[in-house]
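target_23.cif (mmCIF, C-alpha atoms)
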```cif
data_start
loop_
_atom_site.label_atom_id
_atom_site.label_comp_id
_atom_site.auth_asym_id
_atom_site.auth_seq_id
_atom_site.Cartn_x
_atom_site.Cartn_y
_atom_site.Cartn_z
CA MET A 1 17.54 57.02 -144.68
CA ILE A 2 19.65 57.77 -141.60
CA PRO A 3 17.97 60.09 -139.08
CA ASP A 4 19.92 63.36 -138.66
CA GLU A 5 20.40 62.84 -134.94
CA VAL A 6 22.02 59.45 -135.61
CA ALA A 7 24.13 60.49 -138.57
CA GLU A 8 25.48 63.78 -137.28
CA SER A 9 25.78 63.61 -133.52
CA PRO A 10 29.11 62.32 -132.12
CA ASN A 11 27.19 61.15 -129.03
CA ARG A 12 24.27 59.68 -130.89
CA MET A 13 22.09 58.51 -128.03
CA GLN A 14 21.83 61.99 -126.50
CA LYS A 15 19.45 62.83 -129.33
CA SER A 16 18.27 59.35 -130.21
CA PHE A 17 16.48 58.54 -126.96
CA GLU A 18 13.87 60.69 -125.30
CA VAL A 19 11.83 60.04 -122.16
CA LEU A 20 8.30 61.21 -122.93
CA GLY A 21 6.63 60.46 -119.62
CA SER A 22 6.77 58.51 -116.40
CA ALA A 23 4.44 56.75 -113.99
CA ARG A 24 3.29 58.39 -110.76
CA ASP A 25 3.97 55.59 -108.29
CA SER A 26 6.82 53.63 -109.88
CA LYS A 27 9.86 54.07 -112.11
CA ALA A 28 7.96 53.08 -115.25
CA ARG A 29 8.69 55.39 -118.18
CA ARG A 30 7.50 56.00 -121.70
CA GLY A 31 10.24 56.69 -124.22
CA ARG A 32 11.21 56.82 -127.84
CA LEU A 33 14.41 55.47 -129.39
CA THR A 34 15.44 56.49 -132.91
CA THR A 35 17.55 54.08 -134.97
CA THR A 36 18.68 53.94 -138.57
CA HIS A 37 15.83 51.63 -139.52
CA GLY A 38 13.05 53.25 -137.54
CA ILE A 39 11.64 54.52 -134.27
CA ILE A 40 11.06 52.25 -131.27
CA ASP A 41 8.43 53.30 -128.75
CA THR A 42 9.29 52.05 -125.27
CA PRO A 43 8.57 50.00 -123.24
CA ALA A 44 9.25 47.62 -126.13
CA PHE A 45 9.33 43.87 -126.54
CA MET A 46 11.74 42.38 -129.09
CA PRO A 47 10.77 39.03 -130.66
CA VAL A 48 13.78 36.72 -130.78
CA GLY A 49 15.01 35.85 -134.27
CA THR A 50 17.94 33.66 -133.27
CA GLN A 51 19.00 32.48 -136.71
CA GLY A 52 17.72 35.34 -138.83
CA SER A 53 14.11 34.25 -138.34
CA VAL A 54 11.53 34.55 -135.59
CA LYS A 55 10.52 30.89 -135.47
CA GLY A 56 7.48 30.16 -137.64
CA VAL A 57 6.77 33.80 -138.52
CA SER A 58 7.63 35.78 -141.65
CA PRO A 59 8.86 39.40 -141.62
CA ARG A 60 5.59 40.43 -143.25
CA GLU A 61 3.63 38.85 -140.41
CA LEU A 62 5.87 40.55 -137.85
CA ARG A 63 5.13 43.90 -139.47
CA GLU A 64 1.40 43.13 -139.38
CA LEU A 65 1.77 42.36 -135.66
CA ASP A 66 3.39 45.80 -135.23
CA ALA A 67 6.71 44.41 -134.06
CA GLN A 68 9.05 47.39 -133.84
CA ILE A 69 12.39 45.60 -133.51
CA ILE A 70 13.67 42.03 -133.52
CA LEU A 71 16.74 40.36 -132.04
CA GLY A 72 19.38 38.44 -134.01
CA ASN A 73 21.95 36.10 -132.49
CA THR A 74 25.53 36.86 -133.46
CA TYR A 75 26.93 33.48 -132.45
CA HIS A 76 24.37 31.41 -134.34
CA LEU A 77 24.60 33.56 -137.48
CA PHE A 78 28.40 33.47 -137.32
CA VAL A 79 28.32 29.66 -137.19
CA ARG A 80 25.57 29.30 -139.82
CA PRO A 81 25.28 30.56 -142.52
CA GLY A 82 28.47 32.52 -141.78
CA LEU A 83 29.44 36.12 -142.35
CA ASP A 84 30.47 35.62 -145.97
CA VAL A 85 26.95 34.56 -146.90
CA ILE A 86 25.31 37.44 -145.02
CA LYS A 87 27.77 39.93 -146.52
CA HIS A 88 26.97 38.54 -149.98
CA PHE A 89 23.32 39.47 -149.45
CA GLY A 90 24.21 42.95 -148.14
CA GLY A 91 23.73 42.46 -144.41
CA LEU A 92 21.16 40.85 -142.15
CA HIS A 93 18.31 43.24 -143.02
CA ASN A 94 18.52 42.39 -146.70
CA PHE A 95 19.21 38.71 -146.08
CA MET A 96 16.01 38.17 -144.08
CA LYS A 97 13.96 40.94 -145.75
CA TRP A 98 13.23 42.78 -142.50
CA ASN A 99 13.28 46.55 -142.91
CA GLY A 100 12.85 47.48 -139.25
CA PRO A 101 15.45 47.82 -136.47
CA ILE A 102 17.52 44.81 -135.40
CA LEU A 103 19.42 44.31 -132.15
CA THR A 104 22.29 41.81 -132.38
CA ASP A 105 23.57 40.22 -129.19
CA SER A 106 27.28 39.74 -128.59
CA GLY A 107 27.44 35.98 -128.13
CA GLY A 108 27.91 36.39 -124.38
CA TYR A 109 24.88 34.27 -123.55
CA GLN A 110 26.27 31.41 -125.65
CA ILE A 111 29.44 31.60 -123.52
CA PHE A 112 27.10 30.70 -120.66
CA SER A 113 24.90 28.16 -122.44
CA LEU A 114 27.80 26.35 -124.16
CA SER A 115 29.83 26.09 -120.96
CA LYS A 116 30.96 22.52 -121.71
CA LEU A 117 32.35 23.58 -125.09
CA ARG A 118 34.37 26.68 -124.21
CA LYS A 119 37.37 28.11 -122.41
CA ILE A 120 37.35 31.72 -121.16
CA THR A 121 40.52 33.81 -120.97
CA GLU A 122 41.21 37.52 -120.73
CA ASP A 123 41.66 37.60 -124.51
CA GLY A 124 38.24 36.11 -125.21
CA VAL A 125 36.54 32.74 -125.51
CA GLU A 126 37.68 29.62 -127.33
CA PHE A 127 34.82 27.26 -128.10
CA GLN A 128 33.64 24.40 -130.24
CA ASN A 129 30.59 25.32 -132.23
CA HIS A 130 27.53 23.21 -131.55
CA ILE A 131 27.02 22.16 -135.18
CA ASP A 132 30.21 20.40 -136.24
CA GLY A 133 32.52 20.93 -133.28
CA ALA A 134 34.90 23.18 -135.22
CA ARG A 135 37.13 25.35 -133.06
CA ALA A 136 36.40 29.07 -133.04
CA PHE A 137 37.33 32.16 -131.04
CA ILE A 138 35.35 35.21 -130.04
CA SER A 139 36.81 38.34 -128.45
CA PRO A 140 35.49 41.85 -127.76
CA GLU A 141 37.09 43.00 -131.00
CA ILE A 142 35.72 40.15 -133.09
CA THR A 143 32.17 40.43 -131.74
CA ILE A 144 31.95 44.16 -132.52
CA GLU A 145 33.30 43.74 -136.04
CA THR A 146 31.04 40.74 -136.59
CA GLN A 147 28.01 42.74 -135.49
CA ALA A 148 29.14 45.61 -137.71
CA ALA A 149 29.16 43.20 -140.65
CA LEU A 150 25.69 41.94 -139.75
CA GLY A 151 24.50 45.54 -139.85
CA GLY A 152 22.24 45.59 -136.81
CA ASP A 153 20.97 48.90 -135.46
CA ILE A 154 21.88 48.13 -131.85
CA VAL A 155 24.94 46.04 -131.00
CA MET A 156 25.97 44.64 -127.64
CA ALA A 157 29.34 44.65 -125.91
CA LEU A 158 30.77 41.22 -125.05
CA ASP A 159 30.11 40.07 -121.50
CA GLU A 160 30.39 36.92 -119.43
CA CYS A 161 27.03 35.64 -118.24
CA ILE A 162 27.69 33.60 -115.09
CA PRO A 163 25.47 30.77 -113.83
CA TYR A 164 23.29 30.72 -110.73
CA PRO A 165 24.42 30.13 -108.10
CA SER A 166 27.95 31.54 -108.31
CA GLU A 167 30.49 32.30 -105.61
CA TYR A 168 31.02 35.95 -104.74
CA ASP A 169 34.67 36.02 -105.79
CA TYR A 170 33.91 34.48 -109.18
CA ALA A 171 31.03 36.92 -109.75
CA ALA A 172 33.32 39.85 -108.84
CA GLN A 173 36.15 38.72 -111.13
CA SER A 174 33.71 38.05 -113.96
CA ALA A 175 32.06 41.48 -113.64
CA GLU A 176 35.47 43.16 -113.68
CA MET A 177 36.45 41.24 -116.83
CA THR A 178 33.13 42.20 -118.43
CA THR A 179 34.07 45.85 -117.78
CA ARG A 180 37.50 45.37 -119.36
CA TRP A 181 35.88 43.67 -122.34
CA ALA A 182 33.37 46.53 -122.59
CA LYS A 183 36.25 49.03 -122.77
CA ARG A 184 37.79 47.04 -125.60
CA CYS A 185 34.44 46.93 -127.40
CA LYS A 186 34.23 50.71 -127.31
CA ALA A 187 37.79 51.01 -128.56
CA VAL A 188 37.29 48.69 -131.52
CA ALA A 189 34.01 50.40 -132.43
CA SER A 190 35.93 53.67 -132.66
CA ALA A 191 38.70 51.96 -134.63
CA VAL A 192 36.30 50.43 -137.15
CA LEU A 193 34.60 53.80 -137.53
CA SER A 194 37.91 55.51 -138.27
CA GLY A 195 39.11 52.71 -140.57
CA GLU A 196 41.98 51.83 -138.26
CA SER A 197 40.82 48.36 -137.19
CA SER A 198 43.47 45.67 -137.32
CA VAL A 199 41.68 42.65 -135.89
CA GLY A 200 42.07 40.57 -139.02
CA SER A 201 41.28 40.60 -142.70
CA SER A 202 38.28 38.30 -142.31
CA PHE A 203 36.58 40.88 -140.11
CA ALA A 204 37.99 44.10 -141.57
CA PRO A 205 35.76 46.76 -143.20
CA ASP A 206 34.87 45.72 -146.73
CA ALA A 207 32.41 46.30 -149.55
CA LEU A 208 29.49 45.86 -147.15
CA GLY A 209 30.41 49.23 -145.71
CA THR A 210 31.30 48.02 -142.22
CA ALA A 211 32.77 51.35 -141.13
CA HIS A 212 29.66 53.21 -142.28
CA THR A 213 27.46 50.62 -140.61
CA THR A 214 29.28 51.06 -137.31
CA ALA A 215 28.84 54.83 -137.53
CA CYS A 216 25.08 54.29 -137.55
CA GLN A 217 24.96 51.58 -134.90
CA LEU A 218 24.21 52.13 -131.23
CA LEU A 219 26.47 50.31 -128.80
CA PHE A 220 25.08 49.06 -125.47
CA GLY A 221 27.14 48.03 -122.46
CA ILE A 222 26.06 45.20 -120.16
CA VAL A 223 25.89 45.20 -116.37
CA GLN A 224 26.80 41.95 -114.61
CA GLY A 225 27.44 40.96 -110.97
CA GLY A 226 25.29 37.91 -110.34
CA THR A 227 22.87 38.14 -107.41
CA PHE A 228 25.15 40.36 -105.31
CA GLU A 229 23.83 43.87 -104.76
CA ASP A 230 27.20 45.55 -104.27
CA LEU A 231 28.62 43.91 -107.41
CA ARG A 232 25.61 45.00 -109.47
CA LYS A 233 26.12 48.58 -108.23
CA GLN A 234 29.86 48.51 -108.96
CA SER A 235 29.34 46.97 -112.39
CA ALA A 236 26.68 49.54 -113.31
CA GLN A 237 28.93 52.40 -112.24
CA ALA A 238 31.92 51.02 -114.15
CA ILE A 239 29.96 50.37 -117.35
CA VAL A 240 28.23 53.77 -117.21
CA GLU A 241 31.61 55.47 -116.83
CA LEU A 242 32.49 54.13 -120.29
CA ASP A 243 29.58 56.14 -121.75
CA PHE A 244 27.63 53.73 -123.94
CA ASP A 245 24.59 54.56 -126.05
CA GLY A 246 22.42 52.39 -123.81
CA TYR A 247 22.70 49.91 -120.96
CA ALA A 248 21.60 46.33 -120.49
CA ILE A 249 21.23 44.25 -117.36
CA GLY A 250 22.52 40.78 -118.14
CA GLY A 251 22.95 37.58 -116.19
CA VAL A 252 19.32 37.41 -115.07
CA SER A 253 16.82 34.61 -115.68
CA VAL A 254 19.61 32.04 -115.47
CA GLY A 255 17.92 29.92 -112.82
CA GLU A 256 17.73 32.33 -109.90
CA PRO A 257 14.47 32.85 -107.92
CA GLU A 258 12.30 35.69 -109.19
CA GLU A 259 13.00 37.84 -106.13
CA GLU A 260 16.74 37.59 -106.86
CA MET A 261 16.09 38.61 -110.45
CA MET A 262 14.16 41.67 -109.35
CA ARG A 263 16.80 42.54 -106.77
CA ALA A 264 19.54 42.42 -109.42
CA ILE A 265 17.60 44.94 -111.50
CA GLU A 266 16.81 47.13 -108.50
CA SER A 267 20.48 47.13 -107.47
CA ALA A 268 21.70 48.38 -110.85
CA GLU A 269 18.90 50.72 -111.99
CA PRO A 270 19.67 53.76 -109.75
CA PHE A 271 23.12 54.02 -111.32
CA LEU A 272 21.96 53.97 -114.96
CA PRO A 273 21.52 57.31 -116.74
CA LYS A 274 17.92 58.42 -117.01
CA ASP A 275 18.44 59.80 -120.52
CA LYS A 276 19.52 56.50 -122.07
CA PRO A 277 17.58 53.30 -122.73
CA ARG A 278 17.72 50.33 -120.34
CA TYR A 279 17.45 46.78 -121.62
CA ALA A 280 16.63 43.81 -119.35
CA MET A 281 18.01 40.84 -121.26
CA GLY A 282 16.13 37.57 -121.74
CA LEU A 283 13.00 38.44 -119.77
CA GLY A 284 10.32 37.27 -119.07
CA THR A 285 6.72 36.21 -118.32
CA PRO A 286 3.97 38.83 -118.82
CA PRO A 287 3.71 39.71 -115.09
CA GLN A 288 7.51 39.89 -114.86
CA LEU A 289 7.64 42.34 -117.77
CA LEU A 290 5.21 44.70 -116.06
CA GLU A 291 7.11 44.44 -112.78
CA ILE A 292 10.40 45.14 -114.55
CA ILE A 293 8.87 48.11 -116.39
CA ALA A 294 7.86 49.41 -112.96
CA ARG A 295 11.53 49.16 -112.00
CA GLY A 296 12.60 51.48 -114.80
CA MET A 297 13.46 49.17 -117.71
CA ASP A 298 12.61 50.02 -121.32
CA MET A 299 13.41 47.05 -123.58
CA PHE A 300 12.99 43.28 -123.32
CA ASP A 301 13.46 40.09 -125.29
CA CYS A 302 12.31 36.59 -124.48
CA VAL A 303 11.87 33.24 -126.24
CA LEU A 304 8.75 32.32 -124.25
CA PRO A 305 6.08 33.48 -126.76
CA THR A 306 7.49 31.30 -129.54
CA ARG A 307 8.94 28.45 -127.47
CA LEU A 308 5.79 27.81 -125.47
CA ALA A 309 3.67 28.11 -128.61
CA ARG A 310 5.56 25.13 -130.01
CA ASN A 311 4.49 23.23 -126.91
CA GLY A 312 0.84 24.17 -127.43
CA THR A 313 0.72 26.86 -124.75
CA ALA A 314 -1.00 30.22 -125.31
CA PHE A 315 -0.88 33.41 -123.24
CA THR A 316 -4.02 35.27 -122.14
CA ASP A 317 -4.76 38.14 -119.79
CA THR A 318 -5.63 35.69 -117.02
CA GLY A 319 -2.74 33.29 -117.57
CA THR A 320 -1.53 30.50 -119.79
CA LEU A 321 -3.67 27.88 -121.57
CA ASN A 322 -2.31 24.47 -122.59
CA LEU A 323 -4.32 23.92 -125.74
CA LYS A 324 -3.34 20.25 -125.83
CA ASN A 325 -5.71 19.63 -122.93
CA ALA A 326 -8.89 17.69 -123.63
CA GLU A 327 -11.05 20.42 -122.07
CA PHE A 328 -10.60 22.50 -125.23
CA ALA A 329 -11.64 19.81 -127.73
CA LEU A 330 -15.17 21.21 -128.18
CA ASP A 331 -14.40 24.82 -127.26
CA LYS A 332 -15.73 27.20 -129.92
CA ARG A 333 -14.22 30.30 -128.35
CA PRO A 334 -11.03 31.94 -129.67
CA ILE A 335 -7.87 31.64 -127.60
CA GLU A 336 -8.86 34.97 -126.03
CA GLU A 337 -12.05 36.98 -126.43
CA ASN A 338 -11.65 40.37 -128.13
CA CYS A 339 -8.13 39.54 -129.29
CA ALA A 340 -7.29 40.96 -132.73
CA CYS A 341 -4.54 38.48 -133.63
CA PRO A 342 -4.88 36.33 -136.80
CA ALA A 343 -5.60 33.18 -134.78
CA CYS A 344 -8.35 34.66 -132.64
CA ARG A 345 -10.02 36.49 -135.53
CA GLU A 346 -10.67 33.25 -137.41
CA PHE A 347 -10.19 30.07 -135.40
CA SER A 348 -11.50 28.31 -132.31
CA ARG A 349 -9.62 26.73 -129.45
CA GLY A 350 -11.06 23.39 -130.51
CA TYR A 351 -9.69 23.67 -134.04
CA ILE A 352 -6.29 24.84 -132.91
CA ARG A 353 -6.15 21.98 -130.39
CA HIS A 354 -6.95 19.55 -133.22
CA LEU A 355 -4.09 20.97 -135.31
CA VAL A 356 -1.63 20.67 -132.42
CA LYS A 357 -2.65 17.13 -131.58
CA ALA A 358 -2.46 16.17 -135.26
CA GLU A 359 1.03 17.73 -135.40
CA GLU A 360 -0.02 20.14 -138.11
CA ILE A 361 2.43 23.04 -138.38
CA LEU A 362 -0.43 25.53 -138.78
CA GLY A 363 -1.52 24.97 -135.18
CA LEU A 364 1.87 25.93 -133.76
CA ARG A 365 2.09 28.90 -136.12
CA LEU A 366 -1.32 30.19 -135.02
CA ILE A 367 -0.39 29.99 -131.34
CA THR A 368 2.94 31.69 -132.11
CA LEU A 369 1.17 34.56 -133.86
CA HIS A 370 -1.22 34.89 -130.92
CA ASN A 371 1.54 34.85 -128.30
CA LEU A 372 3.66 37.43 -130.12
CA HIS A 373 0.58 39.65 -130.55
CA PHE A 374 -0.14 39.23 -126.84
CA TYR A 375 3.36 40.33 -125.79
CA LEU A 376 3.47 43.23 -128.24
CA GLU A 377 -0.02 44.38 -127.27
CA LEU A 378 0.93 44.18 -123.58
CA MET A 379 3.72 46.67 -124.27
CA ASN A 380 1.32 48.87 -126.20
CA ARG A 381 -1.07 48.84 -123.25
CA ALA A 382 1.77 49.59 -120.84
CA ARG A 383 2.76 52.62 -122.89
CA ALA A 384 -0.82 53.88 -122.96
CA GLU A 385 -1.26 53.34 -119.21
CA ILE A 386 1.95 55.24 -118.45
CA GLU A 387 0.79 58.10 -120.67
CA GLY A 388 -2.62 58.08 -118.96
CA GLY A 389 -1.18 58.02 -115.45
CA THR A 390 -2.80 54.65 -114.67
CA PHE A 391 0.08 52.21 -115.16
CA ASP A 392 0.54 51.24 -111.53
CA GLN A 393 -3.10 50.25 -111.06
CA PHE A 394 -3.03 48.40 -114.39
CA ARG A 395 0.09 46.50 -113.31
CA LYS A 396 -1.36 45.51 -109.93
CA THR A 397 -4.63 44.34 -111.47
CA PHE A 398 -2.96 42.38 -114.26
CA VAL A 399 -0.43 40.68 -111.98
CA GLY A 400 -3.12 39.88 -109.40
CA GLU A 401 -5.41 38.20 -111.92
CA TYR A 402 -2.73 36.36 -113.91
CA LYS A 403 -2.43 32.64 -113.19
CA THR A 404 0.31 30.42 -114.56
CA ARG A 405 -1.25 27.02 -115.04
CA GLU A 406 2.06 25.24 -115.64
CA VAL A 407 5.68 25.82 -114.71
CA ILE A 408 7.39 28.25 -117.06
CA THR A 409 11.17 28.38 -117.33
CA VAL A 410 13.38 30.48 -119.58
CA GLU A 411 16.49 28.70 -120.83
#
```

Can you give me the file's structure in the form of structure tokens?
Amino acid sequence: MIPDEVAESPNRMQKSFEVLGSARDSKARRGRLTTTHGIIDTPAFMPVGTQGSVKGVSPRELRELDAQIILGNTYHLFVRPGLDVIKHFGGLHNFMKWNGPILTDSGGYQIFSLSKLRKITEDGVEFQNHIDGARAFISPEITIETQAALGGDIVMALDECIPYPSEYDYAAQSAEMTTRWAKRCKAVASAVLSGESSVGSSFAPDALGTAHTTACQLLFGIVQGGTFEDLRKQSAQAIVELDFDGYAIGGVSVGEPEEEMMRAIESAEPFLPKDKPRYAMGLGTPPQLLEIIARGMDMFDCVLPTRLARNGTAFTDTGTLNLKNAEFALDKRPIEENCACPACREFSRGYIRHLVKAEEILGLRLITLHNLHFYLELMNRARAEIEGGTFDQFRKTFVGEYKTREVITVE
């Protein structure tokens, strides 16, 4: 059922997002975002379901972990299984049997990560897909209609994510093109909604109800500008002028030092509307998330909980544990005391280490469930601390006690 404020309001986010409270000594805020498939309490972490699946975890398990929203990757789903298959099953929600909100990205990050396989022009991006090398093309128009066909609740405008380091002139030109692409994304969203889209028959509204889907979707614009403060400010102002339903800060966690990452967020945040959600893309470690919440961000996604789990690494309040290490062979304790996740309720560090060393899939699944629970529970605690007026002390204590026992990178 579509919430009234989504279905009836021409400017949907005005009613869909509400700030419920804020921290005393930082920009941290507690909010609530209403989508077609449910309410998202913010700050919120979105598990990454790149190919229509959060790796190693079923939708039922995600619901049991109290995941509010997951992320789907437009590029990967476009390449495999393809839109025709997903349309046949009635959209991504039905295909993967997830009944909660989904955010679909635009494919902009793949423009960055597949740099050796693509060519960027004003029209869009020509690329060879990573599976069979077939030529393909993505444009602002195509990405919006593709995301409409997928049926996600939140869709992202197409952007160019530049590498670190980048020259100032390149970063400026790229941010300006991202703004022009964002304007085209808004235009095609309106065209699809009115039934006037003319991008091409393979992407046109069809029996899936693309036009209706777009009417219910929330469209977020993306701020770029590299590590340059003035470009981040200019990009934020230009994207906000286009009046999106929400705003994302992209092009962070691409190899820059953490202080540069924080500065990019700080440079853009003052120019983002306070009555719309802010999404920091592709971030980050647990301490980084709390620091970014303190800088006024509401939504996050990151592959670390699942990726590091597959390497045998678990998150705890005091830092990471590499459960492959021999020190845990006889350890009868759970991964973390007083943790309510499925792994910690039943199994010991020693047993999980055995599973990982024996290359049993269960071991990696148990660590994945723990790590996702840890991230989701961290957001739950952050919301409670903001409501209780104690977030800033909580953040300082957590960050001060957290120790990373191995180098963590986000790719």

Starting from the displayed file, determine the output of the PyMOL selection byres ((chain A and resi 334-338) around 8) and express the residue list as a list of chain:residue names.
A:Ala314, A:Thr316, A:Lys332, A:Arg333, A:Cys339, A:Ala340, A:Ala343, A:Cys344, A:Arg345, A:Glu346, A:Phe347, A:Ser348, A:Arg349

Quick one: apply the PyMOL selection byres ((chain A and resi 363) around 12) to the file and drop the selected residues here as a PyMOL selection string.
chain A and resi 56+309-314+323-324+335+342-343+347-362+364-370

With all atoms listed in the file as the basis for distance, which of A:Arg405, A:Lys276, A:His76, A:His373 is at the shortest distance from Glu18 in chain A?
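Selected residue with least distance to Glu18 in chain A: A:Lys276.
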
Contact residues around range 41-47 of chain A with all atoms listed in the file at 9 Å, ignoring same-chain residues under 6 positions, as a VMD selection string
chain A and resid 19 28 to 34 54 62 67 to 71 102 to 103 277 293 297 to 303 305 to 306 372 375 to 376 378 to 380 382 to 383

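Computed from the coordinates, the CA of Leu20 in chain A to CA of Arg295 in chain A distance equals 16.6 Å.
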
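Here CA of Gly72 in chain A stands at a distance of 15.9 Å from CA of Ala280 in chain A.
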
3 Å per side around range 325-344 of chain A: axis-aligned box centre and edge lengths, as JSON:
```
{"center_x": -10.1, "center_y": 29.3, "center_z": -129.4, "size_x": 17.2, "size_y": 29.3, "size_z": 20.7}
```

Specify as an MDAnalysis selection string each residue included when the PyMOL selection byres ((chain A and resi 23) around 8) is applied to this file.
chainID A and resid 21:22 24:29 386:387 389:392

Atomic distance CA of Gly251 in chain A - CA of Trp98 in chain A, expressed in Å with one decimal:
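One can read the CA of Gly251 in chain A to CA of Trp98 in chain A distance as 28.5 Å.
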
Nearby residues (only C-alpha atoms) at most 9 Å from Glu258 in chain A, same-chain spacing under 5 positions excluded, as an MDAnalysis selection string
chainID A and resid 253 263 288

Selection above as a file: C-alpha atoms, as an mmCIF file, in the frame of the given file:
```cif
data_model
loop_
_atom_site.group_PDB
_atom_site.id
_atom_site.type_symbol
_atom_site.label_atom_id
_atom_site.label_comp_id
_atom_site.auth_asym_id
_atom_site.auth_seq_id
_atom_site.Cartn_x
_atom_site.Cartn_y
_atom_site.Cartn_z
ATOM 1 C CA SER A 253 16.820 34.610 -115.680
ATOM 2 C CA ARG A 263 16.800 42.540 -106.770
ATOM 3 C CA GLN A 288 7.510 39.890 -114.860
#
```

Between A:Pro163, A:Gly52, A:Gly226, A:Gly246, which residue has the minimum interatomic distance to Leu150 in chain A, considering all atoms listed in the file?
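Nearest candidate to Leu150 in chain A out of A:Pro163, A:Gly52, A:Gly226, A:Gly246: A:Gly52.
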
Point out the residue among A:Glu291, A:Gly133, A:Leu77, A:Leu321 with the least atom-to-atom distance to Thr397 in chain A, counting all atoms listed in the file.
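Answer, going by the shortest atom-to-atom distance: A:Glu291.
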
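With only C-alpha atoms as the atoms that count, the residue of A:Thr320, A:Ser139, A:Thr179, A:Thr121 with the shortest distance to Asp243 in chain A is A:Thr179.
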
With 12 Å as the threshold, what does the neighbourhood of (18.7, 29.1, -116.6) contain in terms of residues, counting all atoms listed in the file? Coordinates are those of the file; answer as an MDAnalysis selection string.
chainID A and resid 109 112:113 161:165 251:258 261 282:284 408:411
